Structure formats: C-alpha cells, structure tokens
file entry01.tsv (TSV, C-alpha atoms)
chain	number	residue	atom	x	y	z
N	1	MET	CA	5.51	42.89	142.14
N	2	THR	CA	7.16	39.49	142.41
N	3	SER	CA	9.73	38.55	139.77
N	4	THR	CA	9.65	35.04	138.33
N	5	ALA	CA	12.54	35.53	135.92
N	6	ARG	CA	15.05	33.66	138.08
N	7	PRO	CA	15.28	31.94	141.47
N	8	PHE	CA	15.79	34.15	144.49
N	9	LEU	CA	18.30	31.82	146.18
N	10	ASN	CA	21.84	32.15	144.85
N	11	ARG	CA	23.31	29.19	143.05
N	12	ARG	CA	25.76	28.36	145.85
N	13	LEU	CA	22.87	27.63	148.21
N	14	ALA	CA	20.39	26.28	145.67
N	15	ALA	CA	20.98	22.71	146.85
N	16	PHE	CA	20.21	23.57	150.48
N	17	GLY	CA	16.62	23.85	151.60
N	18	THR	CA	15.09	23.48	155.04
N	19	THR	CA	17.32	21.25	157.17
N	20	ILE	CA	16.26	17.71	157.97
N	21	PHE	CA	16.34	18.67	161.66
N	22	ALA	CA	13.57	21.21	161.17
N	23	GLU	CA	11.52	18.74	159.14
N	24	MET	CA	11.82	15.88	161.62
N	25	SER	CA	11.33	18.06	164.70
N	26	ALA	CA	8.13	19.43	163.15
N	27	LEU	CA	7.05	15.84	162.48
N	28	ALA	CA	7.68	14.99	166.14
N	29	VAL	CA	5.46	17.88	167.25
N	30	ARG	CA	2.71	17.01	164.79
N	31	THR	CA	2.60	13.33	165.75
N	32	GLY	CA	3.49	13.58	169.43
N	33	ALA	CA	6.45	11.26	168.83
N	34	ILE	CA	9.55	11.12	171.02
N	35	ASN	CA	12.20	13.22	169.32
N	36	LEU	CA	15.49	11.32	169.22
N	37	GLY	CA	16.44	13.12	166.03
N	38	GLN	CA	17.82	16.54	166.86
N	39	GLY	CA	20.78	16.53	169.23
N	40	PHE	CA	19.70	18.66	172.14
N	41	PRO	CA	19.35	17.59	175.79
N	42	ASP	CA	15.91	17.68	177.41
N	43	THR	CA	17.31	18.87	180.75
N	44	ASP	CA	19.39	21.91	181.66
N	45	GLY	CA	23.03	21.78	182.65
N	46	PRO	CA	24.60	22.55	186.04
N	47	GLU	CA	22.56	24.82	188.29
N	48	GLU	CA	25.63	26.83	189.31
N	49	VAL	CA	26.33	27.65	185.66
N	50	ARG	CA	22.76	28.78	185.05
N	51	GLU	CA	22.94	30.92	188.18
N	52	ALA	CA	26.17	32.46	186.89
N	53	ALA	CA	24.27	33.63	183.82
N	54	VAL	CA	21.49	35.08	185.98
N	55	ARG	CA	24.07	36.85	188.12
N	56	ALA	CA	25.73	38.35	185.05
N	57	LEU	CA	22.37	39.62	183.82
N	58	ARG	CA	21.52	41.19	187.15
N	59	ASP	CA	24.96	42.75	187.51
N	60	GLY	CA	24.70	44.31	184.07
N	61	ARG	CA	27.61	42.31	182.65
N	62	GLY	CA	27.17	41.48	178.99
N	63	ASN	CA	23.82	43.21	178.52
N	64	GLN	CA	25.49	45.49	175.99
N	65	TYR	CA	27.95	44.52	173.26
N	66	PRO	CA	30.79	42.44	174.65
N	67	PRO	CA	34.29	42.85	173.16
N	68	GLY	CA	34.62	41.59	169.62
N	69	PRO	CA	36.96	38.68	170.43
N	70	GLY	CA	34.85	37.70	173.47
N	71	ILE	CA	35.06	38.74	177.10
N	72	PRO	CA	38.54	38.38	178.62
N	73	GLU	CA	37.23	36.02	181.33
N	74	LEU	CA	36.00	33.49	178.79
N	75	ARG	CA	39.04	33.73	176.52
N	76	THR	CA	41.24	33.13	179.56
N	77	ALA	CA	39.06	30.20	180.65
N	78	VAL	CA	39.27	28.62	177.18
N	79	ALA	CA	43.06	28.99	177.14
N	80	GLU	CA	43.32	27.50	180.63
N	81	HIS	CA	41.05	24.60	179.63
N	82	GLN	CA	43.31	23.79	176.67
N	83	ARG	CA	46.40	23.99	178.87
N	84	ARG	CA	45.00	21.91	181.71
N	85	ARG	CA	43.43	19.22	179.53
N	86	TYR	CA	45.88	18.89	176.67
N	87	GLY	CA	49.04	20.82	177.50
N	88	LEU	CA	48.31	23.35	174.74
N	89	SER	CA	49.39	26.93	175.38
N	90	PHE	CA	47.27	29.69	173.81
N	91	ASP	CA	47.45	33.43	174.39
N	92	PRO	CA	43.92	34.53	175.40
N	93	ASP	CA	44.43	37.91	173.74
N	94	THR	CA	45.64	36.78	170.32
N	95	GLU	CA	44.86	33.07	169.95
N	96	VAL	CA	41.28	32.67	171.25
N	97	LEU	CA	38.09	33.92	169.59
N	98	VAL	CA	34.57	33.52	171.00
N	99	THR	CA	31.84	32.73	168.45
N	100	ALA	CA	28.07	32.24	168.27
N	101	GLY	CA	28.37	28.51	168.76
N	102	ALA	CA	30.47	26.08	166.76
N	103	THR	CA	28.31	26.60	163.68
N	104	GLU	CA	29.43	30.21	163.35
N	105	ALA	CA	32.99	29.16	164.09
N	106	VAL	CA	32.90	26.77	161.14
N	107	ALA	CA	31.29	29.37	158.86
N	108	ALA	CA	33.66	32.19	159.80
N	109	THR	CA	36.71	29.95	159.48
N	110	LEU	CA	35.81	28.68	156.02
N	111	LEU	CA	34.77	32.13	154.80
N	112	ALA	CA	38.07	33.52	156.04
N	113	LEU	CA	40.42	30.84	154.76
N	114	LEU	CA	38.98	29.73	151.41
N	115	GLU	CA	39.31	31.28	147.98
N	116	PRO	CA	36.73	30.39	145.30
N	117	GLY	CA	37.64	27.04	143.81
N	118	ASP	CA	39.71	25.83	146.76
N	119	GLU	CA	39.06	22.20	147.64
N	120	VAL	CA	38.12	21.12	151.14
N	121	VAL	CA	38.56	17.46	152.05
N	122	ALA	CA	35.95	16.48	154.64
N	123	LEU	CA	35.05	13.21	156.31
N	124	GLU	CA	31.72	11.91	155.03
N	125	PRO	CA	29.10	11.66	156.50
N	126	TYR	CA	29.44	15.19	157.82
N	127	TYR	CA	27.35	17.61	159.82
N	128	ASP	CA	25.15	19.43	157.33
N	129	SER	CA	26.48	22.94	157.99
N	130	TYR	CA	29.89	21.90	156.65
N	131	ALA	CA	28.59	21.51	153.10
N	132	ALA	CA	26.65	24.78	153.25
N	133	CYS	CA	29.57	26.75	154.67
N	134	ILE	CA	31.98	25.40	152.06
N	135	ALA	CA	29.49	26.39	149.39
N	136	MET	CA	29.03	29.91	150.82
N	137	ALA	CA	32.80	30.35	150.78
N	138	GLY	CA	32.95	29.30	147.13
N	139	GLY	CA	34.94	26.18	147.91
N	140	THR	CA	34.58	22.69	146.53
N	141	ARG	CA	34.01	19.86	148.98
N	142	VAL	CA	35.79	16.57	148.44
N	143	PRO	CA	34.29	13.84	150.62
N	144	VAL	CA	36.26	10.95	152.03
N	145	THR	CA	33.76	8.38	153.23
N	146	LEU	CA	34.02	6.65	156.59
N	147	ARG	CA	33.21	3.00	155.88
N	148	PRO	CA	31.10	0.80	158.16
N	149	ASP	CA	33.01	-2.07	159.76
N	150	ALA	CA	30.33	-4.54	160.87
N	151	GLU	CA	32.77	-6.74	162.81
N	152	GLN	CA	34.09	-3.84	164.88
N	153	ALA	CA	30.68	-2.10	164.94
N	154	ARG	CA	32.26	1.23	164.02
N	155	PHE	CA	32.99	3.41	161.00
N	156	ARG	CA	36.60	3.55	159.78
N	157	LEU	CA	38.72	6.07	157.91
N	158	ASP	CA	40.66	4.78	154.90
N	159	LEU	CA	43.91	6.71	155.12
N	160	ASP	CA	44.90	5.78	151.57
N	161	GLU	CA	41.63	7.24	150.30
N	162	LEU	CA	42.30	10.39	152.32
N	163	ARG	CA	45.75	10.80	150.78
N	164	ASP	CA	44.39	10.21	147.28
N	165	ALA	CA	41.74	12.91	147.81
N	166	VAL	CA	44.36	15.64	148.28
N	167	THR	CA	45.26	17.48	145.09
N	168	ASP	CA	47.15	20.65	144.18
N	169	ARG	CA	43.85	22.51	144.66
N	170	THR	CA	43.32	21.31	148.22
N	171	ARG	CA	43.41	24.18	150.72
N	172	LEU	CA	42.39	22.48	153.94
N	173	LEU	CA	41.20	19.34	155.70
N	174	LEU	CA	37.97	19.56	157.70
N	175	ILE	CA	38.12	16.98	160.49
N	176	ASN	CA	35.48	16.13	163.10
N	177	THR	CA	36.38	13.94	166.06
N	178	PRO	CA	34.54	12.68	168.04
N	179	HIS	CA	32.57	12.34	164.84
N	180	ASN	CA	28.94	13.28	164.30
N	181	PRO	CA	26.93	11.34	163.14
N	182	THR	CA	28.85	8.04	163.29
N	183	GLY	CA	30.22	8.31	166.84
N	184	THR	CA	33.70	7.37	165.62
N	185	VAL	CA	36.66	8.72	167.60
N	186	LEU	CA	39.74	8.89	165.43
N	187	THR	CA	42.69	7.07	166.99
N	188	ARG	CA	46.04	8.62	167.76
N	189	ALA	CA	47.51	6.64	164.85
N	190	GLU	CA	44.87	7.93	162.43
N	191	LEU	CA	45.32	11.51	163.61
N	192	THR	CA	49.09	11.21	163.36
N	193	ALA	CA	48.71	10.13	159.74
N	194	ILE	CA	46.41	13.10	159.09
N	195	ALA	CA	48.95	15.44	160.68
N	196	GLU	CA	51.79	14.03	158.60
N	197	LEU	CA	49.70	14.48	155.43
N	198	ALA	CA	48.89	18.08	156.36
N	199	VAL	CA	52.56	18.90	156.97
N	200	GLU	CA	53.73	17.10	153.84
N	201	ARG	CA	51.19	18.88	151.59
N	202	ASP	CA	51.27	22.18	153.52
N	203	LEU	CA	47.55	22.11	154.30
N	204	LEU	CA	45.50	23.96	156.88
N	205	VAL	CA	43.33	21.83	159.14
N	206	VAL	CA	40.02	22.84	160.68
N	207	THR	CA	39.08	20.45	163.46
N	208	ASP	CA	35.63	20.36	165.05
N	209	GLU	CA	36.08	18.97	168.56
N	210	VAL	CA	32.79	19.97	170.19
N	211	TYR	CA	32.27	16.46	171.62
N	212	GLU	CA	35.73	16.39	173.21
N	213	HIS	CA	34.30	15.54	176.66
N	214	LEU	CA	32.08	12.73	175.38
N	215	VAL	CA	34.43	9.81	174.70
N	216	PHE	CA	33.65	6.34	176.01
N	217	ASP	CA	35.22	2.99	176.79
N	218	GLU	CA	38.87	2.91	175.71
N	219	ALA	CA	38.61	5.84	173.29
N	220	GLU	CA	40.91	8.84	173.72
N	221	HIS	CA	40.33	12.35	172.44
N	222	VAL	CA	43.56	13.63	170.88
N	223	PRO	CA	43.44	17.27	169.73
N	224	LEU	CA	45.14	17.59	166.36
N	225	ALA	CA	46.93	20.73	167.52
N	226	THR	CA	48.97	18.64	169.97
N	227	LEU	CA	50.65	16.64	167.20
N	228	PRO	CA	53.99	17.57	165.59
N	229	GLY	CA	53.74	20.34	163.03
N	230	MET	CA	50.08	21.08	163.72
N	231	ARG	CA	50.08	23.93	166.24
N	232	GLU	CA	50.59	26.61	163.58
N	233	ARG	CA	48.29	25.17	160.90
N	234	THR	CA	45.25	24.02	162.91
N	235	VAL	CA	42.04	25.89	163.74
N	236	THR	CA	40.39	24.08	166.66
N	237	ILE	CA	36.68	24.62	167.27
N	238	GLY	CA	35.02	24.04	170.66
N	239	SER	CA	31.59	24.62	172.15
N	240	ALA	CA	29.88	24.96	175.51
N	241	GLY	CA	26.54	23.63	174.29
N	242	LYS	CA	27.49	19.98	174.07
N	243	THR	CA	29.56	19.87	177.26
N	244	PHE	CA	27.29	21.83	179.59
N	245	SER	CA	23.85	21.12	178.07
N	246	PHE	CA	23.02	24.75	177.31
N	247	THR	CA	22.72	24.47	173.53
N	248	GLY	CA	20.48	27.54	173.29
N	249	TRP	CA	23.20	29.83	174.62
N	250	LYS	CA	25.25	29.40	171.42
N	251	VAL	CA	28.70	29.93	172.90
N	252	GLY	CA	31.58	28.49	170.92
N	253	TRP	CA	35.22	29.35	170.33
N	254	VAL	CA	38.22	29.05	168.07
N	255	THR	CA	41.79	28.49	169.21
N	256	ALA	CA	44.63	28.87	166.73
N	257	ALA	CA	47.83	30.75	165.96
N	258	PRO	CA	47.48	34.57	165.88
N	259	GLY	CA	47.38	34.90	162.11
N	260	LEU	CA	44.63	32.32	161.78
N	261	VAL	CA	42.55	33.83	164.59
N	262	THR	CA	42.90	37.28	163.04
N	263	ALA	CA	41.67	35.91	159.71
N	264	VAL	CA	38.67	34.16	161.28
N	265	ARG	CA	37.79	37.24	163.31
N	266	SER	CA	37.78	39.31	160.11
N	267	ALA	CA	34.92	37.15	158.79
N	268	LYS	CA	33.18	36.63	162.14
N	269	GLN	CA	32.78	40.37	162.79
N	270	PHE	CA	30.52	40.65	159.73
N	271	LEU	CA	28.38	37.67	160.72
N	272	THR	CA	27.13	38.17	164.28
N	273	TYR	CA	29.79	40.70	165.34
N	274	VAL	CA	29.24	39.60	168.95
N	275	SER	CA	26.73	37.39	170.78
N	276	SER	CA	25.71	35.70	174.04
N	277	GLY	CA	27.07	38.46	176.32
N	278	PRO	CA	25.89	37.33	179.79
N	279	PHE	CA	26.27	33.66	178.85
N	280	GLN	CA	29.96	34.17	178.14
N	281	TYR	CA	30.52	34.95	181.84
N	282	ALA	CA	28.65	31.78	182.81
N	283	VAL	CA	30.61	29.59	180.39
N	284	ALA	CA	33.86	31.02	181.77
N	285	GLU	CA	32.82	29.66	185.17
N	286	ALA	CA	31.65	26.37	183.65
N	287	LEU	CA	35.03	25.66	182.07
N	288	ALA	CA	36.59	25.97	185.53
N	289	LEU	CA	34.36	23.26	187.03
N	290	PRO	CA	36.29	20.43	188.71
N	291	ASP	CA	37.11	17.21	186.89
N	292	ALA	CA	34.32	15.52	188.84
N	293	TYR	CA	31.72	17.35	186.74
N	294	PHE	CA	33.20	16.18	183.43
N	295	ASP	CA	33.59	12.62	184.73
N	296	ALA	CA	29.98	12.50	185.94
N	297	PHE	CA	28.71	14.00	182.68
N	298	ARG	CA	30.53	11.36	180.65
N	299	ALA	CA	29.35	8.53	182.93
N	300	ASP	CA	25.74	9.68	182.63
N	301	MET	CA	25.91	9.74	178.84
N	302	LEU	CA	27.64	6.36	178.77
N	303	ALA	CA	24.79	4.78	180.73
N	304	LYS	CA	22.28	6.35	178.35
N	305	ARG	CA	24.25	5.13	175.35
N	306	ASP	CA	24.18	1.59	176.65
N	307	LEU	CA	20.46	1.76	177.43
N	308	LEU	CA	19.50	2.94	173.96
N	309	ALA	CA	22.02	0.75	172.13
N	310	ALA	CA	20.66	-2.38	173.85
N	311	GLY	CA	17.09	-1.36	173.10
N	312	LEU	CA	17.82	-0.69	169.45
N	313	ALA	CA	19.51	-4.07	169.10
N	314	GLU	CA	16.48	-5.78	170.67
N	315	ALA	CA	14.23	-3.91	168.26
N	316	GLY	CA	16.12	-5.47	165.36
N	317	PHE	CA	18.53	-2.74	164.29
N	318	SER	CA	22.19	-3.40	163.62
N	319	VAL	CA	23.90	-1.01	166.04
N	320	PHE	CA	27.20	0.83	165.63
N	321	ARG	CA	28.06	1.49	169.26
N	322	PRO	CA	29.58	5.00	169.36
N	323	ALA	CA	32.95	5.67	170.98
N	324	GLY	CA	32.00	9.33	171.31
N	325	THR	CA	29.27	11.99	170.88
N	326	TYR	CA	25.68	11.39	171.97
N	327	PHE	CA	24.44	9.77	168.77
N	328	ILE	CA	24.00	6.15	167.73
N	329	THR	CA	24.05	5.14	164.07
N	330	THR	CA	22.04	2.06	163.15
N	331	ASP	CA	21.58	-0.06	160.03
N	332	ILE	CA	17.91	-0.66	159.19
N	333	ARG	CA	18.48	-3.51	156.72
N	334	PRO	CA	17.97	-6.22	159.34
N	335	LEU	CA	14.43	-4.81	159.67
N	336	GLY	CA	13.85	-5.39	155.97
N	337	GLU	CA	14.29	-1.68	155.18
N	338	SER	CA	16.84	0.07	152.95
N	339	ASP	CA	15.63	3.67	152.53
N	340	GLY	CA	16.48	5.75	155.58
N	341	PHE	CA	14.40	8.73	154.43
N	342	ALA	CA	11.24	6.67	154.01
N	343	PHE	CA	11.91	4.80	157.23
N	344	CYS	CA	12.36	7.99	159.31
N	345	ARG	CA	9.31	9.67	157.80
N	346	SER	CA	7.13	6.68	158.65
N	347	LEU	CA	8.67	5.86	162.05
N	348	PRO	CA	6.66	8.44	164.06
N	349	GLU	CA	3.39	6.84	162.92
N	350	ARG	CA	4.69	3.29	163.20
N	351	ALA	CA	6.46	3.52	166.56
N	352	GLY	CA	6.06	7.05	167.93
N	353	VAL	CA	9.78	7.90	167.66
N	354	VAL	CA	11.68	10.38	165.47
N	355	ALA	CA	15.17	9.69	164.10
N	356	ILE	CA	17.36	11.24	161.38
N	357	PRO	CA	18.30	9.54	158.08
N	358	ASN	CA	22.10	9.59	157.78
N	359	ALA	CA	21.90	10.01	154.01
N	360	VAL	CA	21.43	13.78	154.53
N	361	PHE	CA	25.03	13.88	155.77
N	362	TYR	CA	26.44	12.33	152.55
N	363	ASP	CA	27.27	13.64	149.10
N	364	HIS	CA	27.05	10.02	148.03
N	365	ARG	CA	23.48	9.51	149.26
N	366	GLU	CA	23.46	5.82	148.34
N	367	ALA	CA	26.33	5.18	150.79
N	368	GLY	CA	24.23	6.49	153.67
N	369	ALA	CA	20.85	5.18	152.55
N	370	PRO	CA	20.43	2.32	155.07
N	371	PHE	CA	21.72	4.20	158.12
N	372	VAL	CA	19.65	6.06	160.70
N	373	ARG	CA	20.82	8.17	163.66
N	374	PHE	CA	19.30	8.34	167.14
N	375	ALA	CA	20.24	10.81	169.90
N	376	PHE	CA	20.57	9.56	173.48
N	377	CYS	CA	21.07	12.92	175.24
N	378	LYS	CA	17.63	12.56	176.85
N	379	GLN	CA	16.22	11.67	180.25
N	380	VAL	CA	16.37	7.98	181.13
N	381	SER	CA	12.58	7.77	181.35
N	382	VAL	CA	12.30	9.18	177.82
N	383	LEU	CA	14.83	6.68	176.47
N	384	GLU	CA	13.08	3.80	178.22
N	385	GLU	CA	9.75	4.79	176.65
N	386	ALA	CA	11.40	5.17	173.24
N	387	VAL	CA	12.93	1.71	173.54
N	388	LYS	CA	9.56	0.26	174.51
N	389	ARG	CA	7.99	1.79	171.43
N	390	LEU	CA	10.78	0.77	169.08
N	391	LYS	CA	10.58	-2.84	170.19
N	392	THR	CA	7.23	-3.07	168.42
N	393	LEU	CA	9.23	-3.01	165.16
N	394	ALA	CA	10.72	-6.40	166.00
N	395	GLY	CA	7.30	-7.95	165.59
call {"tool": "encode", "arguments": {"input": "entry01.tsv", "output": "structure tokens"}}
result
Amino acid sequence: MTSTARPFLNRRLAAFGTTIFAEMSALAVRTGAINLGQGFPDTDGPEEVREAAVRALRDGRGNQYPPGPGIPELRTAVAEHQRRRYGLSFDPDTEVLVTAGATEAVAATLLALLEPGDEVVALEPYYDSYAACIAMAGGTRVPVTLRPDAEQARFRLDLDELRDAVTDRTRLLLINTPHNPTGTVLTRAELTAIAELAVERDLLVVTDEVYEHLVFDEAEHVPLATLPGMRERTVTIGSAGKTFSFTGWKVGWVTAAPGLVTAVRSAKQFLTYVSSGPFQYAVAEALALPDAYFDAFRADMLAKRDLLAAGLAEAGFSVFRPAGTYFITTDIRPLGESDGFAFCRSLPERAGVVAIPNAVFYDHREAGAPFVRFAFCKQVSVLEEAVKRLKTLAG
C-alpha cells in the first residue's frame, strides 16, 4: 500500500528533481536535434588509452575491487602530474584519493567536511551538483554571483562581494576554475585574493579544477594549492573525463593534505567504496602522455570554440567568449528573448539544436534568465551543421 501522508523525498532534496541535462538530452532524442547541451564529447579519446583499458581487462587487473584509495599506479600518476605541471608535491599513499569522477569527489568532500548549518560560499552560477551536495551535507550555500562584463565579454568575480559573503558560520569556499558554465578562468590576482581571504578567516577551500587543461588565449590555470598558505587547507578535485574524453569511465581524484584526504575517504567509502577498476590503469597511462597530447587537445578545442562562437554571433547572440572549459555562454536578449528556459525548450523545434538555460545554475534565477550555454566539445561537422541551423534565428 502506498502512503500519501508525506512526500517520499527528504526535505534536503525536495528542491531537486530531474536534472536539466536529462530533460534537454531527452528533448534532443525526441526531436532529432543536435545536442549542444550536455557536456560530453561525441568522439573517444586517445586510442592508446582505450587500449590500455582493454589490456587491463584482459590481464585481469581491476576486474575485482581495487584498493579503497585507488590503485597505486594511478595515485602515483596523479601525484607526478601535479608535480610536473605545477610543482606541487603530494604523497601518493596519503595525499591522493581516487573517486568515481569529480561529482563523487565533490559529494564526498562536502559530506566529510561540513556540519549541519555550516555555510559554503560558492561562485554562482555553479554546476548543479554543488547545490545538491551542500544540501545533502546539511550545509547552507551562500552564492557570490559572477557578473557579466559586456565590454570584456566575460564574467567577473567581485572580490568585495566575496569578502562580504564570509561570516562566522562560513566553513569553506567552493571554487571552480576554469569555471563551468561561464568559461571564466580566475586570474592569479583573483586567486591570490581568495587565498588571502581563506588564510585570514581560517577557511577550507574546495577547488574544482577538472578543466585545468582547457585554457585558451592568454589565460593561465593557477591551482589554488600553489599559493601561500593554501597547501594545507585546500582540497583539489581533478578528473580524467574532461581531459581525455572518456567521460563514461568516471575516474576522478582528490589531492590534499593527509588529514583532509582521510576525512574525504571516510565519506567516499560509504558512497561507491571503489569504482572504475580497469579504467584506473588506463588513466594512469593517460596522465603520463607527453605534453604534445595536451597541447593538441587544447588547440583542437580552441578551434572548435572559435567556430561555434563566430556562428553564434552571426546568428544574433551576444557571445561571452570562454577563456576555459568547453562551454560558451550567450545572451539571448539581442534575439528579442529574455527567458532562457522557454528559449531552450523551443529551440529544438525552431532550429534543431539543444542548449542549456544558465538559470538552472543560479539561486538567483533572475540573474541567469537571459543566458544560455552551448557545448563545443563535438566534431567539427556537427558544429558546422549546428551553426547553419542556428543562423536561421537571425532571420
């Protein structure tokens, strides 16, 4: 017998239904539209990495439970990647934890570090799992909104607003750079100010850096953990999916001081326990690829960014050219539109393309209402066809 006395979903998750990504991807399938909404590539990553996974499967490596912290080969590869790229030294045995993608890393970290009622200051708009994970941990999210700068065609962080958001109840800052969905890459000066605030107020910082290898033009990715006073208070989250185009493998990781990693592992072990066994061996090999791979990957995405950005501008959108990630945020007001939800739900029928309304990434929905996000991590032929279709809007 079904009870109707009260809702089944607990109050912490009552505000979260089916994600917009599921809704818009289903709309793409139903209408046959080109899906530039959800951020997944439509081609596989390097053949040698895929073959490494096949080899691990055939050799019986990872077909049973891998070690709880992750296989030693991958933890060592992550530590070496951080050392080689950024000069950060992490002990693979005590300061690296492998997770089921970055999403689990965020969830486990927040569940481990937050007490009910703790405030989390996060940059708005933010990836939708942030809000849900804060809620599951019993925390209170405090958004600091990145503001559109039309002249610079980017979104900017107001450091004074960030400082004002921190109270005696603030436990941690949740930072994402390169930033999804806006494509903003926080500058060294901005990150230095964030670090100084964290040290001054004795805050933990959780930094989502999954797009670390996708920075363009003059932008520079600066890991927060490299800045003074941050090594011992920062949990850095990385992911193989975005860098190697194997998003379905769900291999992510956390790097942090031993006490922080131990805390995160305590939560993580009761979520998935372990995951992605054979794929961990493949990602260990992927992280050791030569610099030429990462350079070519970035150059390919840069060309795709420019192709889609130009097409969107010709179609009549106001375009915020991203300095990082593989997403472009646009303003639909030049098209005579102001409601991103309505626009995205009608776009598949009007132009045969699916996008995501940025308002889903805001607590202050009105601030994100006129903005729409497109993904450019697709084949060139797909982007060219999408641009052709979108140009019909200009008429």
call {"tool": "atom_distance", "arguments": {"input": "entry01.tsv", "atom1": "atom CA of N:Val354", "atom2": "atom CA of N:Phe294"}}
result
28.6 Å
call {"tool": "closest_residue", "arguments": {"input": "entry01.tsv", "among": "N:Glu209, N:Asp164, N:Glu119, N:Glu47", "to": "N:Gln82", "atoms": "only C-alpha atoms"}}
result
N:Glu209
call {"tool": "atom_distance", "arguments": {"input": "entry01.tsv", "atom1": "atom CA of N:Phe320", "atom2": "atom CA of N:Phe40"}}
result
20.4 Å
call {"tool": "atom_distance", "arguments": {"input": "entry01.tsv", "atom1": "atom CA of N:Thr247", "atom2": "atom CA of N:Phe279"}}
result
11.2 Å
call {"tool": "residues_around", "arguments": {"input": "entry01.tsv", "residues": "N:Leu74", "least_positions_apart": "5", "cutoff": "10 Å", "atoms": "all atoms listed in the file", "output": "VMD selection string"}}
result
chain N and resid 69 79 to 80 92 96 to 98 253 279 to 287
call {"tool": "write_last_selection", "arguments": {"input": "entry01.tsv", "atoms": "C-alpha atoms", "output": "tab-separated table (two decimals), in the coordinates of the input"}}
result
chain	number	residue	atom	x	y	z
N	69	PRO	CA	36.96	38.68	170.43
N	79	ALA	CA	43.06	28.99	177.14
N	80	GLU	CA	43.32	27.50	180.63
N	92	PRO	CA	43.92	34.53	175.40
N	96	VAL	CA	41.28	32.67	171.25
N	97	LEU	CA	38.09	33.92	169.59
N	98	VAL	CA	34.57	33.52	171.00
N	253	TRP	CA	35.22	29.35	170.33
N	279	PHE	CA	26.27	33.66	178.85
N	280	GLN	CA	29.96	34.17	178.14
N	281	TYR	CA	30.52	34.95	181.84
N	282	ALA	CA	28.65	31.78	182.81
N	283	VAL	CA	30.61	29.59	180.39
N	284	ALA	CA	33.86	31.02	181.77
N	285	GLU	CA	32.82	29.66	185.17
N	286	ALA	CA	31.65	26.37	183.65
N	287	LEU	CA	35.03	25.66	182.07
call {"tool": "closest_residue", "arguments": {"input": "entry01.tsv", "among": "N:Ser129, N:Thr207, N:Thr99, N:Thr236", "to": "N:Pro67", "atoms": "all atoms listed in the file"}}
result
N:Thr99
call {"tool": "closest_residue", "arguments": {"input": "entry01.tsv", "among": "N:Leu174, N:Leu302, N:Ala150, N:Ala375", "to": "N:Asp331", "atoms": "all atoms listed in the file"}}
result
N:Ala150
call {"tool": "residues_around", "arguments": {"input": "entry01.tsv", "residues": "stretch 223-231 of chain N", "least_positions_apart": "4", "cutoff": "7 Å", "atoms": "all atoms listed in the file", "output": "list in words"}}
result
Leu88, Leu191, Thr192, Ala195 and Val199 of chain N
call {"tool": "closest_residue", "arguments": {"input": "entry01.tsv", "among": "N:Ala189, N:Ala15, N:Leu393, N:Val121", "to": "N:Gly352", "atoms": "only C-alpha atoms"}}
result
N:Leu393
call {"tool": "closest_residue", "arguments": {"input": "entry01.tsv", "among": "N:Gly62, N:Gly316, N:Pro334, N:Pro41", "to": "N:Gly248", "atoms": "only C-alpha atoms"}}
result
N:Pro41
call {"tool": "closest_residue", "arguments": {"input": "entry01.tsv", "among": "N:Ala257, N:Ala351, N:Val120, N:Leu307", "to": "N:Ala135", "atoms": "all atoms listed in the file"}}
result
N:Val120
call {"tool": "residues_around", "arguments": {"input": "entry01.tsv", "residues": "N:Ser275", "least_positions_apart": "2", "cutoff": "7 Å", "atoms": "only C-alpha atoms", "output": "list in words"}}
result
Ala100, Thr272 and Gly277 of chain N
call {"tool": "axis_aligned_box", "arguments": {"input": "entry01.tsv", "around": "stretch 87-102 of chain N", "padding_each_side": "6 Å", "output": "lines of an AutoDock Vina configuration file"}}
result
center_x = 38.7
center_y = 29.4
center_z = 172.1
size_x = 33.3
size_y = 29.1
size_z = 22.7
call {"tool": "residues_around", "arguments": {"input": "entry01.tsv", "residues": "N:Ser25", "least_positions_apart": "5", "cutoff": "9 Å", "atoms": "all atoms listed in the file", "output": "count of residues only"}}
result
6
call {"tool": "residues_around", "arguments": {"input": "entry01.tsv", "residues": "stretch 210-221 of chain N", "least_positions_apart": "3", "cutoff": "8 Å", "atoms": "all atoms listed in the file", "output": "VMD selection string"}}
result
chain N and resid 102 177 to 179 185 to 188 237 to 240 242 to 243 294 298 301 to 302 322 to 326
call {"tool": "decode", "arguments": {"input": "entry01.tsv", "residues": "stretch 177-220 of chain N", "atoms": "C-alpha atoms", "output": "tab-separated table (two decimals), in the first residue's frame"}}
result
chain	number	residue	atom	x	y	z
N	177	THR	CA	38.21	27.45	-12.25
N	178	PRO	CA	38.17	27.17	-15.22
N	179	HIS	CA	34.54	27.90	-14.48
N	180	ASN	CA	31.54	25.96	-15.75
N	181	PRO	CA	29.23	27.33	-17.15
N	182	THR	CA	30.66	30.81	-17.82
N	183	GLY	CA	34.09	29.80	-19.16
N	184	THR	CA	35.79	32.30	-16.85
N	185	VAL	CA	39.33	31.49	-15.73
N	186	LEU	CA	40.12	33.24	-12.48
N	187	THR	CA	43.30	35.31	-12.71
N	188	ARG	CA	46.32	34.91	-10.48
N	189	ALA	CA	45.38	38.19	-8.78
N	190	GLU	CA	41.82	36.99	-8.10
N	191	LEU	CA	43.04	33.65	-6.78
N	192	THR	CA	45.63	35.36	-4.59
N	193	ALA	CA	42.86	37.46	-3.04
N	194	ILE	CA	40.80	34.30	-2.45
N	195	ALA	CA	43.81	32.64	-0.80
N	196	GLU	CA	44.44	35.62	1.44
N	197	LEU	CA	40.77	35.62	2.50
N	198	ALA	CA	40.89	31.89	3.27
N	199	VAL	CA	44.01	32.29	5.41
N	200	GLU	CA	42.70	35.39	7.17
N	201	ARG	CA	39.35	33.75	8.05
N	202	ASP	CA	40.80	30.24	8.54
N	203	LEU	CA	38.60	28.69	5.86
N	204	LEU	CA	38.89	25.42	3.98
N	205	VAL	CA	38.79	25.66	0.19
N	206	VAL	CA	37.43	23.04	-2.18
N	207	THR	CA	38.57	23.76	-5.72
N	208	ASP	CA	37.12	22.02	-8.77
N	209	GLU	CA	39.80	22.12	-11.46
N	210	VAL	CA	38.52	19.49	-13.89
N	211	TYR	CA	39.03	21.80	-16.89
N	212	GLU	CA	42.64	22.54	-15.96
N	213	HIS	CA	43.92	21.52	-19.42
N	214	LEU	CA	41.35	23.59	-21.30
N	215	VAL	CA	42.54	27.20	-21.00
N	216	PHE	CA	42.78	29.43	-24.05
N	217	ASP	CA	44.38	32.60	-25.35
N	218	GLU	CA	46.32	34.38	-22.60
N	219	ALA	CA	44.56	32.63	-19.71
N	220	GLU	CA	46.61	30.72	-17.14
